[in-house]
>>> print(open('data_6.csv').read())   # CSV, C-alpha atoms and all ligand atoms
chain,number,residue,atom,x,y,z
A,192,MET,CA,-4.1,-25.2,0.6
A,193,GLN,CA,-3.8,-23.2,3.8
A,194,ASP,CA,-0.6,-24.9,4.7
A,195,PHE,CA,0.8,-24.2,1.2
A,196,ILE,CA,-0.2,-20.5,1.5
A,197,ALA,CA,1.3,-20.3,5.1
A,198,GLY,CA,4.6,-21.7,3.8
A,199,LEU,CA,4.7,-19.6,0.6
A,200,PRO,CA,7.4,-16.9,0.7
A,201,LYS,CA,5.7,-13.5,0.1
A,202,VAL,CA,6.6,-10.0,-1.1
A,203,GLU,CA,4.4,-7.1,-0.3
A,204,LEU,CA,4.3,-4.0,-2.6
A,205,HIS,CA,1.2,-2.1,-1.5
A,206,LEU,CA,1.0,-1.5,2.3
A,207,HIS,CA,0.2,1.8,4.0
A,208,ILE,CA,2.0,1.9,7.3
A,209,GLU,CA,-0.7,4.0,8.8
A,210,GLY,CA,-3.1,1.3,7.7
A,211,THR,CA,-1.4,-1.2,10.1
A,212,LEU,CA,-2.5,0.6,13.2
A,213,GLU,CA,-4.4,-2.1,15.1
A,214,PRO,CA,-7.2,-0.8,17.5
A,215,GLU,CA,-5.2,-2.1,20.5
A,216,LEU,CA,-2.1,0.0,19.6
A,217,MET,CA,-4.4,2.9,18.8
A,218,PHE,CA,-5.7,2.7,22.4
A,219,GLU,CA,-2.2,2.3,23.8
A,220,LEU,CA,-0.9,5.4,21.9
A,221,ALA,CA,-4.0,7.4,22.7
A,222,GLN,CA,-3.3,6.9,26.4
A,223,ARG,CA,0.4,7.3,26.2
A,224,ASN,CA,0.0,10.6,24.3
A,225,GLN,CA,-3.2,11.9,26.0
A,226,VAL,CA,-5.1,12.0,22.7
A,227,GLN,CA,-8.9,11.7,22.8
A,228,ILE,CA,-10.4,9.1,20.5
A,229,PRO,CA,-14.2,8.8,20.0
A,230,PHE,CA,-14.3,5.1,21.1
A,231,ASP,CA,-14.3,3.4,24.5
A,232,SER,CA,-12.7,0.0,23.5
A,233,PRO,CA,-10.7,-1.6,20.7
A,234,GLU,CA,-13.9,-3.7,20.0
A,235,ALA,CA,-15.8,-0.5,19.5
A,236,VAL,CA,-13.2,0.7,17.0
A,237,ARG,CA,-13.5,-2.6,15.1
A,238,ASN,CA,-17.3,-2.3,15.0
A,239,ALA,CA,-17.0,1.1,13.4
A,240,TYR,CA,-15.0,-0.4,10.5
A,241,GLN,CA,-18.0,-0.7,8.1
A,242,PHE,CA,-17.3,1.0,4.9
A,243,HIS,CA,-19.4,1.6,1.8
A,244,ASN,CA,-16.7,3.1,-0.4
A,245,LEU,CA,-13.1,4.5,-0.3
A,246,GLN,CA,-14.1,7.9,1.1
A,247,SER,CA,-16.0,6.4,4.1
A,248,PHE,CA,-12.9,4.5,5.0
A,249,LEU,CA,-10.5,7.4,4.5
A,250,ASP,CA,-12.5,9.6,6.9
A,251,ILE,CA,-12.0,7.1,9.7
A,252,TYR,CA,-8.5,6.3,8.7
A,253,TYR,CA,-7.1,9.8,8.9
A,254,GLN,CA,-8.8,10.2,12.3
A,255,GLY,CA,-7.0,7.1,13.6
A,256,ALA,CA,-3.6,8.5,12.7
A,257,ASN,CA,-4.1,11.3,15.2
A,258,VAL,CA,-2.6,9.1,18.0
A,259,LEU,CA,0.8,9.0,16.2
A,260,LEU,CA,2.9,11.9,17.6
A,261,HIS,CA,6.4,10.8,18.5
A,262,GLU,CA,9.2,9.0,16.8
A,263,GLN,CA,8.7,6.1,19.1
A,264,ASP,CA,5.1,5.8,18.0
A,265,PHE,CA,6.1,5.5,14.4
A,266,PHE,CA,8.8,3.0,15.4
A,267,ASP,CA,6.3,0.9,17.4
A,268,LEU,CA,3.7,0.9,14.5
A,269,THR,CA,6.3,-0.2,12.0
A,270,TRP,CA,7.8,-2.9,14.3
A,271,ALA,CA,4.4,-4.4,15.0
A,272,TYR,CA,3.8,-4.7,11.2
A,273,LEU,CA,7.2,-6.3,10.7
A,274,LEU,CA,6.4,-8.9,13.3
A,275,ARG,CA,3.2,-9.7,11.3
A,276,CYS,CA,5.4,-10.0,8.2
A,277,GLN,CA,7.5,-12.6,10.0
A,278,ASP,CA,4.4,-14.6,10.9
A,279,ASP,CA,3.2,-14.5,7.3
A,280,ASN,CA,6.5,-15.4,5.7
A,281,VAL,CA,6.9,-12.0,4.1
A,282,MET,CA,10.6,-11.7,3.1
A,283,HIS,CA,10.5,-8.2,1.5
A,284,THR,CA,8.1,-5.3,1.8
A,285,GLU,CA,7.8,-1.9,0.1
A,286,ILE,CA,5.9,0.4,2.4
A,287,PHE,CA,3.9,3.6,1.8
A,288,PHE,CA,3.8,6.4,4.2
A,289,ASP,CA,1.7,9.6,4.0
A,290,PRO,CA,3.8,12.4,5.5
A,291,GLN,CA,1.1,15.0,5.0
A,292,THR,CA,-1.3,13.2,7.4
A,293,HIS,CA,1.3,14.0,10.1
A,294,THR,CA,3.0,17.2,9.1
A,295,ASP,CA,-0.4,18.9,8.7
A,296,ARG,CA,-0.9,18.1,12.5
A,297,GLY,CA,2.4,19.6,13.4
A,298,VAL,CA,4.4,16.4,13.5
A,299,SER,CA,7.7,16.9,11.8
A,300,PHE,CA,8.8,15.0,8.7
A,301,GLU,CA,11.9,13.8,10.6
A,302,THR,CA,9.8,12.3,13.4
A,303,VAL,CA,7.8,10.3,10.9
A,304,ILE,CA,10.7,9.0,8.8
A,305,ASN,CA,13.2,8.4,11.5
A,306,GLY,CA,10.7,6.3,13.5
A,307,ILE,CA,9.7,4.2,10.5
A,308,HIS,CA,13.2,3.8,9.2
A,309,GLY,CA,14.6,2.9,12.6
A,310,ALA,CA,12.2,-0.1,12.8
A,311,LEU,CA,13.0,-1.1,9.2
A,312,VAL,CA,16.7,-1.2,10.0
A,313,LYS,CA,16.0,-3.4,13.0
A,314,GLY,CA,13.7,-5.6,10.9
A,315,GLU,CA,16.4,-6.3,8.4
A,316,GLN,CA,19.0,-7.0,11.2
A,317,GLU,CA,16.9,-9.1,13.5
A,318,LEU,CA,14.2,-10.6,11.3
A,319,GLY,CA,16.0,-10.7,8.0
A,320,ILE,CA,13.1,-8.8,6.3
A,321,SER,CA,14.3,-6.4,3.6
A,322,SER,CA,12.3,-3.2,2.8
A,323,GLN,CA,11.9,0.0,0.9
A,324,LEU,CA,10.0,3.2,1.6
A,325,ILE,CA,7.7,5.0,-0.8
A,326,MET,CA,6.4,8.4,0.1
A,327,CYS,CA,2.8,9.1,-1.0
A,328,PHE,CA,1.2,12.5,-1.8
A,329,LEU,CA,-2.4,12.9,-0.7
A,330,ARG,CA,-4.3,13.6,-3.9
A,331,HIS,CA,-7.2,15.5,-2.1
A,332,LEU,CA,-4.6,18.1,-1.3
A,333,SER,CA,-3.0,20.5,-3.7
A,334,GLU,CA,0.0,20.0,-6.0
A,335,GLU,CA,1.6,22.9,-4.3
A,336,ALA,CA,1.4,21.0,-1.0
A,337,ALA,CA,2.9,17.9,-2.7
A,338,PHE,CA,5.8,20.0,-3.9
A,339,ALA,CA,6.4,21.2,-0.3
A,340,THR,CA,6.4,17.6,0.9
A,341,LEU,CA,8.8,16.5,-1.9
A,342,LYS,CA,11.2,19.3,-0.7
A,343,MET,CA,11.1,17.9,2.8
A,344,ALA,CA,12.0,14.4,1.5
A,345,LEU,CA,15.1,15.5,-0.4
A,346,PRO,CA,17.5,15.3,2.6
A,347,HIS,CA,16.2,11.7,3.1
A,348,LYS,CA,16.7,10.4,-0.4
A,349,ASP,CA,18.8,7.6,0.9
A,350,LYS,CA,15.8,6.2,2.8
A,351,ILE,CA,13.1,6.7,0.1
A,352,VAL,CA,13.0,4.8,-3.1
A,353,GLY,CA,10.0,6.4,-4.7
A,354,VAL,CA,7.0,8.6,-4.6
A,355,GLY,CA,3.3,7.5,-4.8
A,356,LEU,CA,-0.2,9.0,-5.0
A,357,ASP,CA,-3.0,7.9,-2.7
A,358,SER,CA,-6.3,9.1,-1.0
A,359,SER,CA,-9.5,10.0,-2.9
A,360,GLU,CA,-9.2,9.0,-6.6
A,361,LEU,CA,-12.5,10.4,-7.7
A,362,GLY,CA,-12.2,14.1,-8.5
A,363,HIS,CA,-8.4,14.1,-8.2
A,364,PRO,CA,-7.0,12.8,-11.5
A,365,PRO,CA,-3.3,12.2,-12.2
A,366,GLN,CA,-3.2,15.4,-14.3
A,367,LYS,CA,-3.3,17.3,-11.1
A,368,PHE,CA,0.1,16.0,-10.1
A,369,GLU,CA,1.9,15.9,-13.4
A,370,GLN,CA,4.5,18.6,-12.5
A,371,VAL,CA,5.4,17.3,-9.1
A,372,PHE,CA,5.9,13.7,-10.4
A,373,ALA,CA,8.1,15.1,-13.2
A,374,LYS,CA,10.2,16.8,-10.5
A,375,ALA,CA,10.4,13.6,-8.4
A,376,LEU,CA,11.6,11.7,-11.4
A,377,GLU,CA,14.2,14.3,-12.1
A,378,GLU,CA,15.4,14.0,-8.5
A,379,GLY,CA,15.9,10.2,-9.0
A,380,PHE,CA,12.7,8.8,-7.4
A,381,LEU,CA,10.8,6.0,-9.0
A,382,THR,CA,7.0,6.7,-9.2
A,383,VAL,CA,3.9,4.7,-8.5
A,384,ALA,CA,0.3,5.8,-8.1
A,385,HIS,CA,-3.1,4.5,-7.1
A,386,ALA,CA,-5.3,4.3,-10.2
A,387,GLY,CA,-8.3,2.2,-11.3
A,388,GLU,CA,-9.4,1.4,-7.7
A,389,GLU,CA,-12.7,3.3,-7.9
A,390,GLY,CA,-11.7,5.3,-11.0
A,391,THR,CA,-11.9,4.5,-14.7
A,392,PRO,CA,-9.5,2.7,-17.1
A,393,GLN,CA,-8.8,6.2,-18.5
A,394,ASN,CA,-7.4,7.1,-15.1
A,395,ILE,CA,-5.0,4.2,-15.5
A,396,ARG,CA,-4.0,5.3,-19.0
A,397,ASP,CA,-3.4,8.9,-17.8
A,398,THR,CA,-1.4,7.6,-14.8
A,399,LEU,CA,0.9,5.6,-17.1
A,400,SER,CA,1.4,8.4,-19.6
A,401,LEU,CA,1.6,11.5,-17.3
A,402,LEU,CA,3.1,10.2,-14.1
A,403,LYS,CA,5.5,7.6,-15.8
A,404,VAL,CA,4.8,5.1,-13.1
A,405,SER,CA,6.8,1.8,-12.6
A,406,ARG,CA,3.7,0.2,-11.0
A,407,VAL,CA,0.0,0.8,-10.8
A,408,ASP,CA,-1.5,0.5,-7.4
A,409,HIS,CA,-4.9,-1.4,-7.6
A,410,GLY,CA,-5.5,-1.1,-11.3
A,411,VAL,CA,-8.4,-3.6,-11.2
A,412,ALA,CA,-10.6,-1.3,-13.4
A,413,CYS,CA,-8.4,-2.2,-16.4
A,414,ALA,CA,-10.7,-5.3,-16.9
A,415,LYS,CA,-13.3,-2.9,-18.4
A,416,ASP,CA,-10.9,-2.1,-21.3
A,417,GLU,CA,-9.7,-5.0,-23.5
A,418,SER,CA,-6.9,-3.0,-25.2
A,419,LEU,CA,-5.6,-1.6,-21.9
A,420,MET,CA,-5.4,-5.1,-20.5
A,421,ASP,CA,-3.4,-6.2,-23.6
A,422,GLU,CA,-1.1,-3.2,-23.2
A,423,LEU,CA,-0.5,-4.0,-19.5
A,424,ALA,CA,0.2,-7.6,-20.3
A,425,GLN,CA,2.6,-6.8,-23.1
A,426,THR,CA,4.6,-4.3,-21.1
A,427,ARG,CA,4.4,-6.4,-17.9
A,428,MET,CA,3.3,-3.3,-16.0
A,429,PRO,CA,2.7,-4.5,-12.5
A,430,LEU,CA,-0.6,-4.1,-10.7
A,431,THR,CA,-0.5,-4.2,-6.9
A,432,VAL,CA,-3.9,-5.7,-6.2
A,433,CYS,CA,-5.4,-5.8,-2.7
A,434,PRO,CA,-8.3,-8.3,-2.5
A,435,LEU,CA,-9.6,-7.8,1.0
A,436,SER,CA,-9.4,-4.0,0.6
A,437,ASN,CA,-11.4,-4.3,-2.6
A,438,THR,CA,-14.3,-6.2,-1.0
A,439,LYS,CA,-14.3,-4.1,2.2
A,440,LEU,CA,-14.5,-0.9,0.1
A,441,LYS,CA,-17.1,-2.5,-2.3
A,442,VAL,CA,-15.0,-2.3,-5.4
A,443,PHE,CA,-16.3,-5.9,-5.8
A,444,ALA,CA,-19.5,-7.0,-4.0
A,445,GLN,CA,-17.9,-10.3,-3.0
A,446,MET,CA,-14.6,-12.1,-3.4
A,447,GLN,CA,-16.1,-14.5,-5.9
A,448,GLU,CA,-16.4,-11.6,-8.3
A,449,HIS,CA,-12.8,-10.5,-8.0
A,450,ASN,CA,-10.9,-10.4,-11.3
A,451,ILE,CA,-7.4,-11.1,-10.0
A,452,GLY,CA,-7.4,-14.7,-11.4
A,453,GLN,CA,-8.7,-13.5,-14.8
A,454,LEU,CA,-5.9,-10.8,-14.9
A,455,LEU,CA,-3.2,-13.3,-14.0
A,456,ARG,CA,-4.3,-15.8,-16.7
A,457,ARG,CA,-4.3,-13.0,-19.2
A,458,GLY,CA,-0.6,-12.5,-18.6
A,459,LEU,CA,-0.7,-9.3,-16.4
A,460,CYS,CA,1.9,-8.9,-13.7
A,461,VAL,CA,-0.6,-8.9,-10.9
A,462,THR,CA,0.5,-9.2,-7.2
A,463,VAL,CA,-1.4,-9.8,-3.9
A,464,ASN,CA,-1.1,-7.1,-1.2
A,465,SER,CA,-2.9,-6.1,2.0
A,466,ASP,CA,-3.2,-2.3,1.6
A,467,ASP,CA,-4.5,-1.3,5.1
A,468,PRO,CA,-4.6,-4.7,7.0
A,469,ALA,CA,-5.8,-3.3,10.4
A,470,TYR,CA,-8.9,-1.8,8.7
A,471,PHE,CA,-9.7,-4.5,6.1
A,472,GLY,CA,-9.5,-7.7,8.2
A,473,GLY,CA,-6.2,-9.2,7.1
A,474,TYR,CA,-2.5,-9.3,6.4
A,475,MET,CA,-0.8,-11.1,3.5
A,476,THR,CA,-1.7,-14.6,4.4
A,477,ASP,CA,-5.3,-13.6,5.0
A,478,ASN,CA,-5.4,-12.0,1.5
A,479,PHE,CA,-4.0,-15.2,-0.1
A,480,ASN,CA,-6.4,-17.4,1.8
A,481,ALA,CA,-9.4,-15.2,0.9
A,482,ILE,CA,-8.7,-15.4,-2.9
A,483,ALA,CA,-7.9,-19.1,-2.7
A,484,ASP,CA,-11.2,-19.8,-0.9
A,485,ALA,CA,-13.3,-17.8,-3.4
A,486,LEU,CA,-11.6,-18.3,-6.7
A,487,PRO,CA,-10.4,-21.3,-8.7
A,488,LEU,CA,-6.7,-20.7,-8.3
A,489,THR,CA,-4.0,-23.4,-8.4
A,490,LYS,CA,-0.9,-23.6,-6.2
A,491,ASP,CA,1.2,-22.7,-9.2
A,492,GLU,CA,-0.9,-19.6,-9.8
A,493,LEU,CA,-0.6,-18.6,-6.1
A,494,ALA,CA,3.1,-19.0,-6.3
A,495,GLN,CA,3.1,-16.9,-9.5
A,496,PHE,CA,1.8,-13.9,-7.4
A,497,THR,CA,5.1,-14.1,-5.4
A,498,LEU,CA,7.2,-14.4,-8.6
A,499,ASN,CA,5.4,-11.4,-10.1
A,500,ALA,CA,6.0,-9.4,-6.9
A,501,ILE,CA,9.7,-10.2,-7.0
A,502,GLU,CA,9.7,-9.1,-10.7
A,503,ALA,CA,7.8,-5.9,-9.8
A,504,SER,CA,9.8,-5.0,-6.7
A,505,PHE,CA,12.3,-2.1,-6.5
A,506,VAL,CA,15.3,-4.1,-5.4
A,507,ASP,CA,18.2,-4.5,-7.8
A,508,GLU,CA,18.5,-7.4,-10.2
A,509,ALA,CA,21.0,-9.3,-8.1
A,510,GLU,CA,18.7,-9.2,-5.0
A,511,LYS,CA,15.8,-10.4,-7.2
A,512,ILE,CA,17.7,-13.4,-8.3
A,513,ALA,CA,18.6,-14.2,-4.7
A,514,MET,CA,14.9,-14.1,-3.8
A,515,VAL,CA,13.7,-16.6,-6.4
B,1,LIG,N1,-4.8,5.3,1.5
B,1,LIG,C1,-4.8,4.2,2.2
B,1,LIG,N2,-5.4,3.2,1.6
B,1,LIG,C2,-5.8,3.7,0.4
B,1,LIG,C3,-6.6,3.1,-0.7
B,1,LIG,N3,-7.0,1.8,-0.7
B,1,LIG,N4,-6.8,3.9,-1.7
B,1,LIG,C4,-6.4,5.2,-1.7
B,1,LIG,N5,-5.8,5.7,-0.7
B,1,LIG,C5,-5.5,5.0,0.4
B,2,ZN,ZN,-3.5,1.7,-1.1
>>> encode(input="data_6.csv", output="structure tokens")
Amino acid sequence: MQDFIAGLPKVELHLHIEGTLEPELMFELAQRNQVQIPFDSPEAVRNAYQFHNLQSFLDIYYQGANVLLHEQDFFDLTWAYLLRCQDDNVMHTEIFFDPQTHTDRGVSFETVINGIHGALVKGEQELGISSQLIMCFLRHLSEEAAFATLKMALPHKDKIVGVGLDSSELGHPPQKFEQVFAKALEEGFLTVAHAGEEGTPQNIRDTLSLLKVSRVDHGVACAKDESLMDELAQTRMPLTVCPLSNTKLKVFAQMQEHNIGQLLRRGLCVTVNSDDPAYFGGYMTDNFNAIADALPLTKDELAQFTLNAIEASFVDEAEKIAMV
């Protein structure tokens, strides 16, 4: 099974570029940029990655991003991720970035996007990996701050396919961002949002109706609501599921309890993704191996995750056909 998974072409649709910051690169950038970090070795950083819920992860995650200051840093971060994509047979990836994590520290929007985009162009040319960028708003911040971020993105529309919503789901419902998502849609961006990771099925319903999303990020809470699962299956609304993330953040106590197989067999367009691989212990191949080890999934079902991801991706129809 491991050989089959290694050889399986993969498409990633839920990946936070800041979540690919490996402890070794964090140390290198801390030295290069003279930034203090509260650890004395990459091993110590890894040992600190014990999370009991989403918020306990986010607190450490936003701290880690402090070492990213210059365009070259964002380039190096993205290039290291693309090399991992090559190892894992990932042919296409749709990448989230969180501009507010950086602009709030005085790093310009241009520094962030030019560094990431430069690496993506090189990745397409030299590795043959295609990509898209999705800009996320941090939901623990205000809608006003999201509007200001959207404004910064407008001169870079050619590099950004859509907008998303991430960070703390509890206490920050989709209602809070209804106006800014409407404006983003008006400007021609596609929309996605994290929902039903720690939140309720109602959060997924509200995300669909208020934010007009093309995909739901995570969405695993839908299994608590039979009629919502039926609706998601009928409409083939994609869910970008992140198995290792879900067990690391205790959405499921163990992988054997994960519902991804159940959702797939019910006809939902579920996909496998790595979320924040440097923090959760694995990239795409690791996520596939983890579910294949713990759940009764056939090779056809594992391949179906890739077919679903192609269907759910934001490339045009001709490119989708070329990928199959
Ligand atoms: N930002 C990075 N990873 C996230 C996750 N799993 N949920 C919400 N926000 C995030
Ligand atoms: Zn995520």
>>> residues_near_ligand(input="data_6.csv", ligand="ligand ZN 2 (chain B)", cutoff="8 Å", atoms="only C-alpha atoms and all ligand atoms", output="PyMOL selection string")
chain A and resi 205-207+357-358+385+408-409+433+466-467
>>> write_last_selection(input="data_6.csv", atoms="C-alpha atoms", output="JSON list (two decimals), in the coordinates of the input")
[["chain", "number", "residue", "atom", "x", "y", "z"],
["A", 205, "HIS", "CA", 1.20, -2.10, -1.50],
["A", 206, "LEU", "CA", 1.00, -1.50, 2.30],
["A", 207, "HIS", "CA", 0.20, 1.80, 4.00],
["A", 357, "ASP", "CA", -3.00, 7.90, -2.70],
["A", 358, "SER", "CA", -6.30, 9.10, -1.00],
["A", 385, "HIS", "CA", -3.10, 4.50, -7.10],
["A", 408, "ASP", "CA", -1.50, 0.50, -7.40],
["A", 409, "HIS", "CA", -4.90, -1.40, -7.60],
["A", 433, "CYS", "CA", -5.40, -5.80, -2.70],
["A", 466, "ASP", "CA", -3.20, -2.30, 1.60],
["A", 467, "ASP", "CA", -4.50, -1.30, 5.10]]
>>> residues_around(input="data_6.csv", residues="Ala337 of chain A", least_positions_apart="2", cutoff="10 Å", atoms="only C-alpha atoms", output="PyMOL selection string")
chain A and resi 290-291+327-330+332-335+339-343+356+368+370-372
>>> residues_around(input="data_6.csv", residues="Ser232 of chain A", least_positions_apart="5", cutoff="10 Å", atoms="only C-alpha atoms", output="JSON, numbers by chain")
{"A": [214, 215, 217, 218, 237, 238]}
>>> residues_around(input="data_6.csv", residues="Ile395 of chain A", least_positions_apart="2", cutoff="9 Å", atoms="all atoms listed in the file", output="PyMOL selection string")
chain A and resi 365+385-387+390-393+397-400+407+410+412-413+419
>>> atom_distance(input="data_6.csv", atom1="atom CA of Phe242 of chain A", atom2="atom CA of Gln445 of chain A")
13.8 Å
>>> decode(input="data_6.csv", residues="segment 384-396 of chain A", atoms="N, CA and C atoms", output="PDB file, in the first residue's frame")
ATOM      1  N   ALA A 384     -13.722  28.790   2.970  1.00  0.00           N
ATOM      2  CA  ALA A 384     -13.611  29.153   4.388  1.00  0.00           C
ATOM      3  C   ALA A 384     -13.469  27.891   5.235  1.00  0.00           C
ATOM      4  N   HIS A 385     -12.684  28.013   6.308  1.00  0.00           N
ATOM      5  CA  HIS A 385     -12.632  26.950   7.307  1.00  0.00           C
ATOM      6  C   HIS A 385     -13.986  26.928   8.024  1.00  0.00           C
ATOM      7  N   ALA A 386     -14.565  25.749   8.160  1.00  0.00           N
ATOM      8  CA  ALA A 386     -15.834  25.612   8.886  1.00  0.00           C
ATOM      9  C   ALA A 386     -16.017  24.157   9.283  1.00  0.00           C
ATOM     10  N   GLY A 387     -16.583  23.950  10.478  1.00  0.00           N
ATOM     11  CA  GLY A 387     -16.817  22.572  10.912  1.00  0.00           C
ATOM     12  C   GLY A 387     -15.527  21.834  11.202  1.00  0.00           C
ATOM     13  N   GLU A 388     -14.497  22.572  11.655  1.00  0.00           N
ATOM     14  CA  GLU A 388     -13.260  21.936  12.153  1.00  0.00           C
ATOM     15  C   GLU A 388     -13.510  21.675  13.650  1.00  0.00           C
ATOM     16  N   GLU A 389     -13.646  22.741  14.422  1.00  0.00           N
ATOM     17  CA  GLU A 389     -14.080  22.617  15.827  1.00  0.00           C
ATOM     18  C   GLU A 389     -15.526  23.073  15.980  1.00  0.00           C
ATOM     19  N   GLY A 390     -16.036  23.775  14.975  1.00  0.00           N
ATOM     20  CA  GLY A 390     -17.375  24.366  15.049  1.00  0.00           C
ATOM     21  C   GLY A 390     -18.463  23.369  14.675  1.00  0.00           C
ATOM     22  N   THR A 391     -19.695  23.883  14.644  1.00  0.00           N
ATOM     23  CA  THR A 391     -20.888  23.044  14.481  1.00  0.00           C
ATOM     24  C   THR A 391     -21.275  22.865  13.014  1.00  0.00           C
ATOM     25  N   PRO A 392     -22.159  21.889  12.734  1.00  0.00           N
ATOM     26  CA  PRO A 392     -22.730  21.782  11.388  1.00  0.00           C
ATOM     27  C   PRO A 392     -23.409  23.097  10.957  1.00  0.00           C
ATOM     28  N   GLN A 393     -24.006  23.806  11.922  1.00  0.00           N
ATOM     29  CA  GLN A 393     -24.650  25.084  11.568  1.00  0.00           C
ATOM     30  C   GLN A 393     -23.627  26.077  11.017  1.00  0.00           C
ATOM     31  N   ASN A 394     -22.413  26.030  11.523  1.00  0.00           N
ATOM     32  CA  ASN A 394     -21.354  26.893  11.001  1.00  0.00           C
ATOM     33  C   ASN A 394     -21.071  26.576   9.522  1.00  0.00           C
ATOM     34  N   ILE A 395     -21.169  25.305   9.187  1.00  0.00           N
ATOM     35  CA  ILE A 395     -20.974  24.907   7.774  1.00  0.00           C
ATOM     36  C   ILE A 395     -22.142  25.439   6.939  1.00  0.00           C
ATOM     37  N   ARG A 396     -23.336  25.255   7.436  1.00  0.00           N
ATOM     38  CA  ARG A 396     -24.521  25.764   6.707  1.00  0.00           C
ATOM     39  C   ARG A 396     -24.417  27.272   6.489  1.00  0.00           C
TER      40      ARG A 396
END
